[in-house]
$ cat entry14.txt   # compact mmCIF, C-alpha atoms
# COMPACT_ATOMS: atom_id res chain seq x y z
CA MET A 1 130.96 102.82 97.54
CA SER A 2 128.16 101.41 99.70
CA SER A 3 125.38 103.11 101.65
CA LYS A 4 123.43 101.60 104.54
CA ILE A 5 119.65 101.67 104.75
CA VAL A 6 118.78 102.29 108.41
CA VAL A 7 115.59 102.49 110.45
CA PRO A 8 114.75 106.22 110.74
CA GLU A 9 113.19 108.07 113.65
CA LEU A 10 109.72 106.60 114.06
CA GLY A 11 108.03 109.37 115.98
CA GLU A 12 107.37 110.28 119.58
CA SER A 13 107.34 107.28 121.98
CA VAL A 14 107.77 104.80 119.10
CA VAL A 15 111.10 102.96 119.23
CA GLU A 16 110.37 99.65 117.48
CA ALA A 17 108.91 98.57 114.17
CA THR A 18 108.36 95.43 112.14
CA VAL A 19 109.71 95.03 108.61
CA GLY A 20 106.65 94.90 106.41
CA ASN A 21 106.89 94.71 102.64
CA TRP A 22 110.15 95.07 100.69
CA ARG A 23 109.28 97.01 97.52
CA LYS A 24 112.71 96.24 96.01
CA GLN A 25 114.60 92.94 95.94
CA GLU A 26 118.31 92.20 96.07
CA GLY A 27 119.95 93.24 92.82
CA ASP A 28 117.23 95.74 91.82
CA ARG A 29 118.26 99.16 90.53
CA VAL A 30 117.15 102.01 92.82
CA SER A 31 117.04 105.77 92.37
CA VAL A 32 117.10 108.52 94.97
CA GLY A 33 113.67 108.73 96.60
CA ASP A 34 112.50 105.24 95.57
CA VAL A 35 110.53 103.53 98.33
CA LEU A 36 112.55 100.50 99.41
CA VAL A 37 110.64 98.98 102.31
CA GLU A 38 107.62 99.55 104.53
CA LEU A 39 107.92 99.50 108.32
CA GLU A 40 104.93 98.67 110.49
CA THR A 41 104.67 100.52 113.81
CA GLU A 42 102.00 100.24 116.45
CA LYS A 43 100.26 103.31 115.02
CA VAL A 44 101.10 103.86 111.33
CA ASP A 45 103.08 102.32 108.48
CA LEU A 46 106.20 104.20 107.36
CA GLU A 47 107.98 104.09 104.01
CA VAL A 48 111.78 104.11 103.91
CA GLY A 49 113.23 105.67 100.75
CA ALA A 50 116.62 105.45 99.05
CA GLU A 51 118.96 108.31 99.92
CA ARG A 52 121.23 107.49 96.98
CA GLY A 53 120.96 105.61 93.73
CA GLY A 54 122.61 102.32 92.85
CA VAL A 55 121.83 98.64 93.33
CA LEU A 56 120.17 97.04 96.36
CA ALA A 57 123.06 94.70 97.14
CA ARG A 58 121.85 93.09 100.38
CA ILE A 59 118.69 92.87 102.45
CA GLU A 60 119.76 92.49 106.08
CA ARG A 61 116.36 92.29 107.78
CA LYS A 62 113.62 90.09 106.34
CA GLU A 63 109.88 90.71 106.33
CA GLY A 64 108.36 90.08 109.75
CA GLU A 65 111.52 90.88 111.72
CA ASP A 66 111.39 93.41 114.55
CA VAL A 67 113.83 96.33 114.28
CA LYS A 68 114.79 99.41 116.30
CA ILE A 69 115.81 102.91 115.35
CA GLY A 70 119.26 102.84 113.71
CA ASP A 71 119.19 99.15 112.78
CA VAL A 72 120.57 98.36 109.31
CA LEU A 73 117.87 97.15 106.94
CA GLY A 74 120.02 96.69 103.84
CA VAL A 75 122.91 97.98 101.76
CA ILE A 76 122.95 99.93 98.49
CA GLU A 77 126.05 99.56 96.29
CA GLU A 78 127.10 101.86 93.48
CA ALA A 79 125.91 100.63 90.08
CA PRO A 80 128.70 99.22 87.84
CA ALA A 81 130.10 101.67 85.31
CA ALA A 82 129.05 99.44 82.40
CA GLU A 83 125.43 99.70 83.45
CA LYS A 84 125.61 103.46 83.90
CA ALA A 85 126.87 103.83 80.33
CA ALA A 86 124.08 101.76 78.76
CA PRO A 87 122.69 103.56 75.69
CA LYS A 88 119.21 105.01 75.81
CA GLY A 89 116.50 103.01 74.13
CA GLY A 90 118.46 99.75 74.27
CA LEU A 91 118.71 96.98 76.81
CA PRO A 92 121.04 97.90 79.69
CA LYS A 93 123.94 95.64 80.39
CA PRO A 94 123.30 93.44 83.38
CA VAL A 95 124.55 94.41 86.81
CA GLU A 96 127.17 92.07 88.18
CA ALA A 97 125.31 88.87 88.83
CA ARG A 98 124.71 87.69 92.37
CA LYS A 99 124.79 84.02 93.31
CA GLU A 100 122.12 82.06 95.07
CA LYS A 101 123.09 78.64 96.35
CA THR A 102 120.82 75.66 96.32
CA VAL A 103 121.52 72.07 97.23
CA GLY A 104 124.27 70.88 94.87
CA THR A 105 123.57 73.65 92.38
CA GLU A 106 124.76 77.19 91.82
CA ILE A 107 122.45 79.52 89.93
CA LYS A 108 123.60 82.86 88.57
CA GLU A 109 120.91 85.47 88.62
CA GLY A 110 121.09 89.13 87.62
CA PRO A 111 119.28 91.88 89.52
CA ALA A 112 116.48 92.27 87.03
CA GLU A 113 116.50 88.66 85.79
CA ALA A 114 118.60 89.67 82.77
CA ALA A 115 118.65 86.81 80.29
CA ILE A 116 121.78 87.75 78.28
CA GLU A 117 124.02 84.70 77.85
CA GLU A 118 121.49 82.56 79.72
CA PRO A 119 120.77 78.95 78.76
CA GLU A 120 117.94 78.56 76.32
CA GLU A 121 114.93 76.29 76.61
CA GLU A 122 114.08 74.04 73.68
CA ALA A 123 110.46 74.28 72.59
CA PRO A 124 108.69 70.95 71.96
CA GLU A 125 108.71 69.26 68.56
CA GLY A 126 111.73 71.17 67.29
CA GLY A 127 110.17 74.64 67.64
CA PRO A 128 112.21 77.81 68.21
CA LYS A 129 114.38 78.26 71.27
CA ARG A 130 113.18 80.50 74.07
CA LEU A 131 115.11 82.49 76.65
CA VAL A 132 114.20 81.83 80.29
CA THR A 133 115.58 83.59 83.34
CA PRO A 134 117.12 81.33 86.00
CA LEU A 135 114.55 82.36 88.63
CA ALA A 136 111.66 81.59 86.28
CA ARG A 137 113.21 78.20 85.41
CA ARG A 138 113.67 77.34 89.07
CA ILE A 139 110.06 78.19 89.96
CA ALA A 140 108.80 76.24 86.96
CA LYS A 141 110.85 73.21 88.01
CA GLU A 142 109.57 73.38 91.60
CA HIS A 143 105.95 73.44 90.43
CA GLY A 144 106.30 71.08 87.48
CA VAL A 145 105.42 73.73 84.90
CA ASP A 146 106.01 73.01 81.22
CA LEU A 147 107.73 76.20 80.04
CA SER A 148 106.51 75.68 76.50
CA GLN A 149 103.01 76.48 77.78
CA VAL A 150 104.07 79.79 79.37
CA GLN A 151 103.59 82.96 77.34
CA PRO A 152 106.35 85.57 77.86
CA SER A 153 105.38 89.18 78.63
CA ASP A 154 108.84 90.45 77.73
CA ALA A 155 109.05 92.20 74.35
CA ALA A 156 112.24 90.25 73.71
CA GLY A 157 110.43 86.95 74.29
CA ARG A 158 112.06 86.08 77.62
CA ILE A 159 110.09 84.12 80.17
CA ARG A 160 110.37 85.79 83.55
CA GLN A 161 109.31 84.97 87.10
CA ARG A 162 106.03 86.88 86.80
CA ASP A 163 105.08 84.90 83.67
CA VAL A 164 105.44 81.58 85.48
CA GLU A 165 103.53 82.85 88.51
CA GLU A 166 100.68 84.12 86.32
CA PHE A 167 100.58 80.75 84.55
CA LEU A 168 100.33 78.97 87.92
CA GLN A 169 97.47 81.21 89.01
CA THR A 170 95.45 80.53 85.88
CA GLN A 171 96.06 76.77 85.95
CA ALA A 172 95.25 75.93 89.56
CA PRO A 173 92.58 78.26 90.96
CA ALA A 174 90.97 75.57 93.11
CA THR A 175 94.12 74.82 95.07
CA ARG A 176 95.66 78.27 95.39
CA PRO A 177 95.99 79.69 98.90
CA LEU A 178 93.30 82.06 100.05
CA GLU A 179 94.18 85.70 99.50
CA GLU A 180 94.72 87.95 102.47
CA ALA A 181 92.10 90.52 103.35
CA PRO A 182 92.50 93.72 101.27
CA VAL A 183 95.18 95.90 102.81
CA ARG A 184 96.83 98.94 101.28
CA GLN A 185 99.99 97.35 99.81
CA PRO A 186 101.88 98.62 96.79
CA ALA A 187 103.19 95.13 96.06
CA PRO A 188 100.91 92.21 97.12
CA LYS A 189 102.44 89.59 99.33
CA GLU A 190 102.08 85.88 98.78
CA PRO A 191 99.80 84.42 101.49
CA ALA A 192 100.87 81.49 103.58
CA ALA A 193 100.23 78.09 102.05
CA PRO A 194 96.96 76.55 103.26
CA HIS A 195 96.77 73.36 105.27
CA ILE A 196 94.33 70.76 103.93
CA LEU A 197 92.65 69.04 106.84
CA PRO A 198 91.96 65.30 106.61
CA GLY A 199 88.36 64.27 106.15
CA PRO A 200 86.05 61.92 104.25
CA ALA A 201 86.83 61.64 100.55
CA SER A 202 83.37 62.94 99.69
CA GLU A 203 84.03 66.26 101.42
CA ARG A 204 85.67 69.23 99.75
CA PRO A 205 89.11 70.16 101.12
CA ARG A 206 88.84 72.56 104.06
CA LEU A 207 91.47 75.25 103.88
CA GLU A 208 93.26 77.08 106.66
CA GLU A 209 95.50 80.09 106.34
CA ARG A 210 98.15 81.50 108.66
CA VAL A 211 98.58 85.27 108.39
CA ARG A 212 101.14 87.16 110.44
CA MET A 213 99.55 89.77 112.68
CA SER A 214 100.82 93.25 111.91
CA ARG A 215 102.47 95.27 114.65
CA ARG A 216 99.44 97.54 114.73
CA ARG A 217 97.07 94.59 115.19
CA LEU A 218 99.29 93.21 117.97
CA THR A 219 99.31 96.62 119.66
CA ILE A 220 95.52 96.88 119.46
CA ALA A 221 95.22 93.43 121.03
CA ARG A 222 97.67 94.27 123.81
CA ARG A 223 96.06 97.60 124.65
CA LEU A 224 92.53 96.17 124.75
CA VAL A 225 93.60 93.46 127.20
CA GLU A 226 95.58 96.05 129.17
CA ALA A 227 92.49 98.27 129.44
CA GLN A 228 90.43 95.44 130.91
CA GLN A 229 93.16 94.29 133.28
CA THR A 230 94.25 97.66 134.68
CA ALA A 231 91.04 99.73 134.81
CA ALA A 232 87.91 99.18 136.89
CA MET A 233 85.79 99.51 133.77
CA LEU A 234 82.02 99.88 133.96
CA THR A 235 79.43 100.93 131.37
CA THR A 236 76.21 102.89 131.74
CA PHE A 237 73.55 103.21 129.02
CA ASN A 238 70.89 105.65 127.95
CA GLU A 239 68.88 106.50 124.84
CA VAL A 240 68.67 109.73 122.89
CA ASP A 241 65.74 111.05 120.88
CA MET A 242 67.36 112.22 117.63
CA THR A 243 64.26 114.01 116.28
CA GLU A 244 65.58 117.57 116.68
CA VAL A 245 69.00 116.73 115.24
CA MET A 246 67.48 114.93 112.24
CA GLN A 247 65.11 117.81 111.52
CA LEU A 248 67.91 120.35 111.86
CA ARG A 249 70.12 118.37 109.47
CA ALA A 250 67.30 118.03 106.93
CA ARG A 251 66.59 121.77 107.09
CA TRP A 252 70.20 122.91 106.74
CA LYS A 253 72.03 120.12 104.90
CA GLU A 254 71.92 121.74 101.43
CA ASN A 255 73.07 125.17 102.58
CA PHE A 256 75.65 123.67 104.91
CA LYS A 257 77.20 121.55 102.18
CA ARG A 258 77.13 124.37 99.65
CA GLN A 259 78.79 126.75 102.08
CA HIS A 260 81.35 124.40 103.67
CA GLY A 261 81.81 121.61 101.09
CA VAL A 262 81.01 118.86 103.59
CA SER A 263 77.83 117.18 104.83
CA LEU A 264 76.42 117.91 108.27
CA GLY A 265 76.59 114.61 110.14
CA ILE A 266 75.64 113.61 113.67
CA ALA A 267 79.23 113.30 114.91
CA SER A 268 79.72 117.06 115.30
CA PHE A 269 76.65 117.29 117.58
CA PHE A 270 78.04 114.62 119.88
CA VAL A 271 81.52 116.15 119.89
CA LYS A 272 80.01 119.46 120.99
CA ALA A 273 77.77 117.73 123.55
CA CYS A 274 80.73 115.80 125.00
CA ILE A 275 82.70 119.01 125.45
CA GLY A 276 79.76 120.59 127.29
CA ALA A 277 79.41 117.54 129.54
CA LEU A 278 83.18 117.26 130.15
CA ARG A 279 83.26 120.85 131.38
CA GLN A 280 80.58 119.97 133.90
CA PHE A 281 82.20 116.64 134.88
CA PRO A 282 85.97 117.22 134.51
CA ARG A 283 87.11 113.86 135.95
CA LEU A 284 85.96 112.17 132.73
CA ASN A 285 88.54 114.31 130.94
CA ALA A 286 91.38 113.13 133.18
CA GLU A 287 93.89 110.30 133.54
CA ILE A 288 95.56 108.48 136.42
CA GLN A 289 99.31 108.86 136.96
CA GLY A 290 100.47 106.91 139.97
CA THR A 291 98.58 108.23 142.99
CA GLU A 292 97.39 111.40 141.24
CA MET A 293 94.54 112.40 138.96
CA VAL A 294 95.62 114.65 136.09
CA LEU A 295 92.64 116.87 135.23
CA LYS A 296 92.95 118.30 131.71
CA HIS A 297 91.46 121.66 130.91
CA PHE A 298 91.75 121.22 127.15
CA TYR A 299 89.61 119.04 124.94
CA ASP A 300 91.37 116.78 122.44
CA ILE A 301 88.58 114.49 121.30
CA GLY A 302 89.54 111.19 119.68
CA VAL A 303 87.19 109.93 116.95
CA ALA A 304 87.44 106.21 116.17
CA VAL A 305 87.51 105.42 112.43
CA GLY A 306 87.81 102.09 110.67
CA ALA A 307 91.02 101.14 108.86
CA ALA A 308 92.12 98.03 107.01
CA GLU A 309 94.08 96.65 109.95
CA GLY A 310 91.73 97.72 112.72
CA LEU A 311 90.21 100.72 114.43
CA VAL A 312 92.38 103.83 114.79
CA VAL A 313 91.64 106.94 116.85
CA PRO A 314 92.87 110.20 115.30
CA VAL A 315 92.43 113.25 117.50
CA LEU A 316 90.61 116.55 116.97
CA ARG A 317 92.96 118.99 118.74
CA ASP A 318 91.27 121.74 120.78
CA ALA A 319 87.87 120.59 119.61
CA ASP A 320 86.21 123.19 121.84
CA GLN A 321 87.63 125.87 119.51
CA MET A 322 86.19 124.22 116.40
CA GLY A 323 82.87 124.91 114.70
CA PHE A 324 80.53 122.27 113.29
CA ALA A 325 82.04 122.57 109.81
CA GLU A 326 85.61 122.22 111.09
CA ILE A 327 84.68 119.11 113.05
CA GLU A 328 82.94 117.50 110.07
CA LYS A 329 85.85 118.33 107.76
CA GLY A 330 88.34 116.95 110.27
CA ILE A 331 86.46 113.65 110.66
CA LYS A 332 86.03 113.28 106.90
CA GLU A 333 89.75 113.84 106.34
CA PHE A 334 90.63 111.33 109.07
CA ALA A 335 88.43 108.71 107.38
CA ARG A 336 90.11 109.34 104.02
CA LYS A 337 93.60 109.12 105.48
CA ALA A 338 92.74 105.96 107.41
CA SER A 339 91.49 104.21 104.27
CA GLU A 340 94.59 105.26 102.31
CA GLY A 341 97.08 104.61 105.13
CA GLU A 342 98.15 108.26 105.38
CA LEU A 343 97.49 109.00 109.06
CA THR A 344 100.52 110.44 110.84
CA LEU A 345 101.76 109.68 114.34
CA GLU A 346 100.97 113.23 115.41
CA GLU A 347 97.32 112.81 114.38
CA LEU A 348 97.04 109.66 116.51
CA ARG A 349 98.92 110.93 119.56
CA GLY A 350 97.20 111.81 122.84
CA GLY A 351 93.53 112.52 123.20
CA THR A 352 91.58 113.22 126.41
CA PHE A 353 88.25 111.53 125.58
CA THR A 354 87.08 109.23 122.77
CA ILE A 355 83.89 108.84 120.72
CA SER A 356 83.26 105.58 118.84
CA ASN A 357 80.34 105.22 116.44
CA GLY A 358 79.47 101.57 115.90
CA GLY A 359 76.18 102.65 114.37
CA VAL A 360 77.81 103.21 110.98
CA TYR A 361 78.30 99.43 110.86
CA GLY A 362 74.77 98.66 112.04
CA SER A 363 75.44 98.12 115.76
CA LEU A 364 72.33 98.63 117.89
CA LEU A 365 74.06 98.36 121.28
CA SER A 366 77.59 97.62 122.48
CA THR A 367 80.03 98.17 125.33
CA PRO A 368 83.00 100.28 124.20
CA ILE A 369 86.43 99.56 125.71
CA LEU A 370 88.52 102.36 127.21
CA ASN A 371 91.40 103.83 125.24
CA PRO A 372 94.16 104.06 127.92
CA PRO A 373 95.18 106.27 129.61
CA GLN A 374 91.79 107.93 129.06
CA VAL A 375 89.08 107.20 131.62
CA GLY A 376 86.01 107.69 129.44
CA ILE A 377 84.69 106.64 126.02
CA LEU A 378 81.27 107.31 124.49
CA GLY A 379 79.74 104.69 122.19
CA LEU A 380 77.18 105.76 119.57
CA HIS A 381 74.89 103.33 117.80
CA LYS A 382 72.40 102.89 114.99
CA ILE A 383 69.47 105.31 114.80
CA GLU A 384 66.29 103.26 114.69
CA SER A 385 62.63 104.24 114.71
CA ARG A 386 60.92 103.06 117.90
CA ALA A 387 57.63 103.68 119.68
CA VAL A 388 58.22 105.96 122.67
CA PRO A 389 55.88 107.83 125.05
CA VAL A 390 55.79 111.60 124.40
CA GLU A 391 53.60 113.73 126.68
CA GLY A 392 51.21 110.88 127.35
CA LYS A 393 51.08 109.70 123.73
CA VAL A 394 52.94 106.97 121.86
CA GLU A 395 54.92 108.30 118.94
CA ILE A 396 57.43 106.83 116.50
CA ARG A 397 60.75 108.60 117.02
CA PRO A 398 64.30 108.12 115.67
CA MET A 399 66.10 106.78 118.76
CA MET A 400 69.73 105.97 119.47
CA TYR A 401 71.22 103.98 122.34
CA VAL A 402 74.38 105.53 123.77
CA ALA A 403 76.90 103.89 126.10
CA LEU A 404 79.52 105.41 128.36
CA SER A 405 82.37 103.20 129.57
CA TYR A 406 84.39 104.74 132.38
CA ASP A 407 87.17 103.97 134.84
CA HIS A 408 85.46 103.51 138.20
CA ARG A 409 88.75 104.20 140.02
CA ILE A 410 88.24 107.96 139.65
CA VAL A 411 84.74 108.28 138.14
CA ASP A 412 81.81 107.44 140.40
CA GLY A 413 78.72 105.71 139.04
CA MET A 414 76.47 108.67 139.85
CA GLU A 415 78.88 110.99 138.04
CA ALA A 416 78.95 108.76 134.95
CA VAL A 417 75.15 108.54 134.82
CA GLN A 418 74.79 112.31 135.14
CA PHE A 419 77.43 112.84 132.44
CA LEU A 420 75.47 110.66 129.99
CA VAL A 421 72.19 112.35 130.92
CA ARG A 422 73.81 115.71 130.18
CA ILE A 423 74.85 114.51 126.72
CA LYS A 424 71.29 113.30 126.14
CA GLU A 425 69.89 116.72 127.13
CA LEU A 426 72.26 118.64 124.86
CA VAL A 427 71.69 116.43 121.80
CA GLU A 428 67.92 116.38 122.20
CA ASP A 429 67.95 120.20 122.31
CA PRO A 430 70.78 121.03 119.82
CA ALA A 431 70.07 124.78 120.01
CA SER A 432 71.34 124.65 123.60
CA LEU A 433 74.81 123.79 122.24
CA LEU A 434 75.09 127.39 121.06
CA PHE A 435 74.71 128.71 124.60
CA THR A 436 76.57 126.16 126.70
CA LEU A 437 79.91 126.11 124.82
$ encode --input "entry14.txt" --output "structure tokens"
Amino acid sequence: MSSKIVVPELGESVVEATVGNWRKQEGDRVSVGDVLVELETEKVDLEVGAERGGVLARIERKEGEDVKIGDVLGVIEEAPAAEKAAPKGGLPKPVEARKEKTVGTEIKEGPAEAAIEEPEEEAPEGGPKRLVTPLARRIAKEHGVDLSQVQPSDAAGRIRQRDVEEFLQTQAPATRPLEEAPVRQPAPKEPAAPHILPGPASERPRLEERVRMSRRRLTIARRLVEAQQTAAMLTTFNEVDMTEVMQLRARWKENFKRQHGVSLGIASFFVKACIGALRQFPRLNAEIQGTEMVLKHFYDIGVAVGAAEGLVVPVLRDADQMGFAEIEKGIKEFARKASEGELTLEELRGGTFTISNGGVYGSLLSTPILNPPQVGILGLHKIESRAVPVEGKVEIRPMMYVALSYDHRIVDGMEAVQFLVRIKELVEDPASLLFTL
């Protein structure tokens, strides 16, 4: 009896995905709950598990293919009775072998490269015979590997595919393809083969690598271009004296962390300041729908965090109802989930205004791009000591440049400047946040 592996519901407004990494290969044994394949969506990666045990008989959609909800990804067949009855502690009998055709040759290959009744390889100079799986032999032949030099990792002395691949890696480090940038992957993918460009013989080979863009990266690219093409985007700048915030953090950081289990950062001050400014200038907390402005009287603040495949913007829901500790805990948890690939679609959905902190990467000044359909985004930057005039004297103060990008279609320049000035006033006098929110 067979069971189809189908694309599940992907979440609100998400109807397509890209097949990412197959964790299992054709012929592999699977158990209920085993992760079979990863699907890349424009927001998060999803894992598809096995709903029944058996053998992965066919993979219908290859890595890199686009799929929709309900599409068949593969088929699971019931494991043969002989394999089910294999005694504990011994080698299981092989699942019915599948066939893979090559030019003029037919190779039989079991699901787990079982080597029972397989041809044996003669060791050089009359040494003992060694068992080699067909897949390992084929890879060795393609790469000209002498199997007598390969050390088996199998307790039974069989040479498997992984043994040949490890041998290749140790023998040719100078010509191996460049590895892809670190991405959370349970099973690493083989990168595309590099292209060696022609050049003078005295020069070292120059390598190129082609890496398929993930669906999330493609979505980020599309949305950034869309933001610039559809919005009348402008940016206004100001600078904030961070002296009061820094002194307040230094005075309370130990008690705050001991009481709440999280450090007091600067992000919570700007989240609170943005909410105060948005209440005073509500059109920056709106969006355009056709010929109407939709003014939102709730405050879901998106906080941009770095992830392996690009920036993501999880959302602090009803941030105006949150205290400093709740905001800091929320941002810390978002950062952890982003690094481990655990953000959910619900956490990334919506948002009325966004804050992006390029200062954590050392940025001194930048122009943030809108996150459609939002009409405002605040960019924070590196805190740097600078000489500034204070009451007729020159003092060294911790200063930060801030940038507000806005959609000029519904936000006037004067309004945007006043909004940023209001943020500056609230952050420079953090005690005022207690009375304005």
$ residues_around --input "entry14.txt" --residues "segment 406-411 of chain A" --least-positions-apart "5" --cutoff "7 Å" --atoms "all atoms listed in the file" --output "VMD selection string"
chain A and resid 231 to 235 283 to 284 375 to 377 416
$ atom_distance --input "entry14.txt" --atom1 "atom CA of Asp45 of chain A" --atom2 "atom CA of Ala325 of chain A"
29.2 Å
$ residues_around --input "entry14.txt" --residues "segment 352-356 of chain A" --least-positions-apart "6" --cutoff "8 Å" --atoms "all atoms listed in the file" --output "VMD selection string"
chain A and resid 271 284 to 286 296 299 to 305 313 368 371 374 to 380
$ closest_residue --input "entry14.txt" --among "A:Val225, A:Val7, A:Leu131, A:Val55" --to "Val150 of chain A" --atoms "only C-alpha atoms"
A:Leu131
$ atom_distance --input "entry14.txt" --atom1 "atom CA of Glu342 of chain A" --atom2 "atom CA of Ile76 of chain A"
27.1 Å
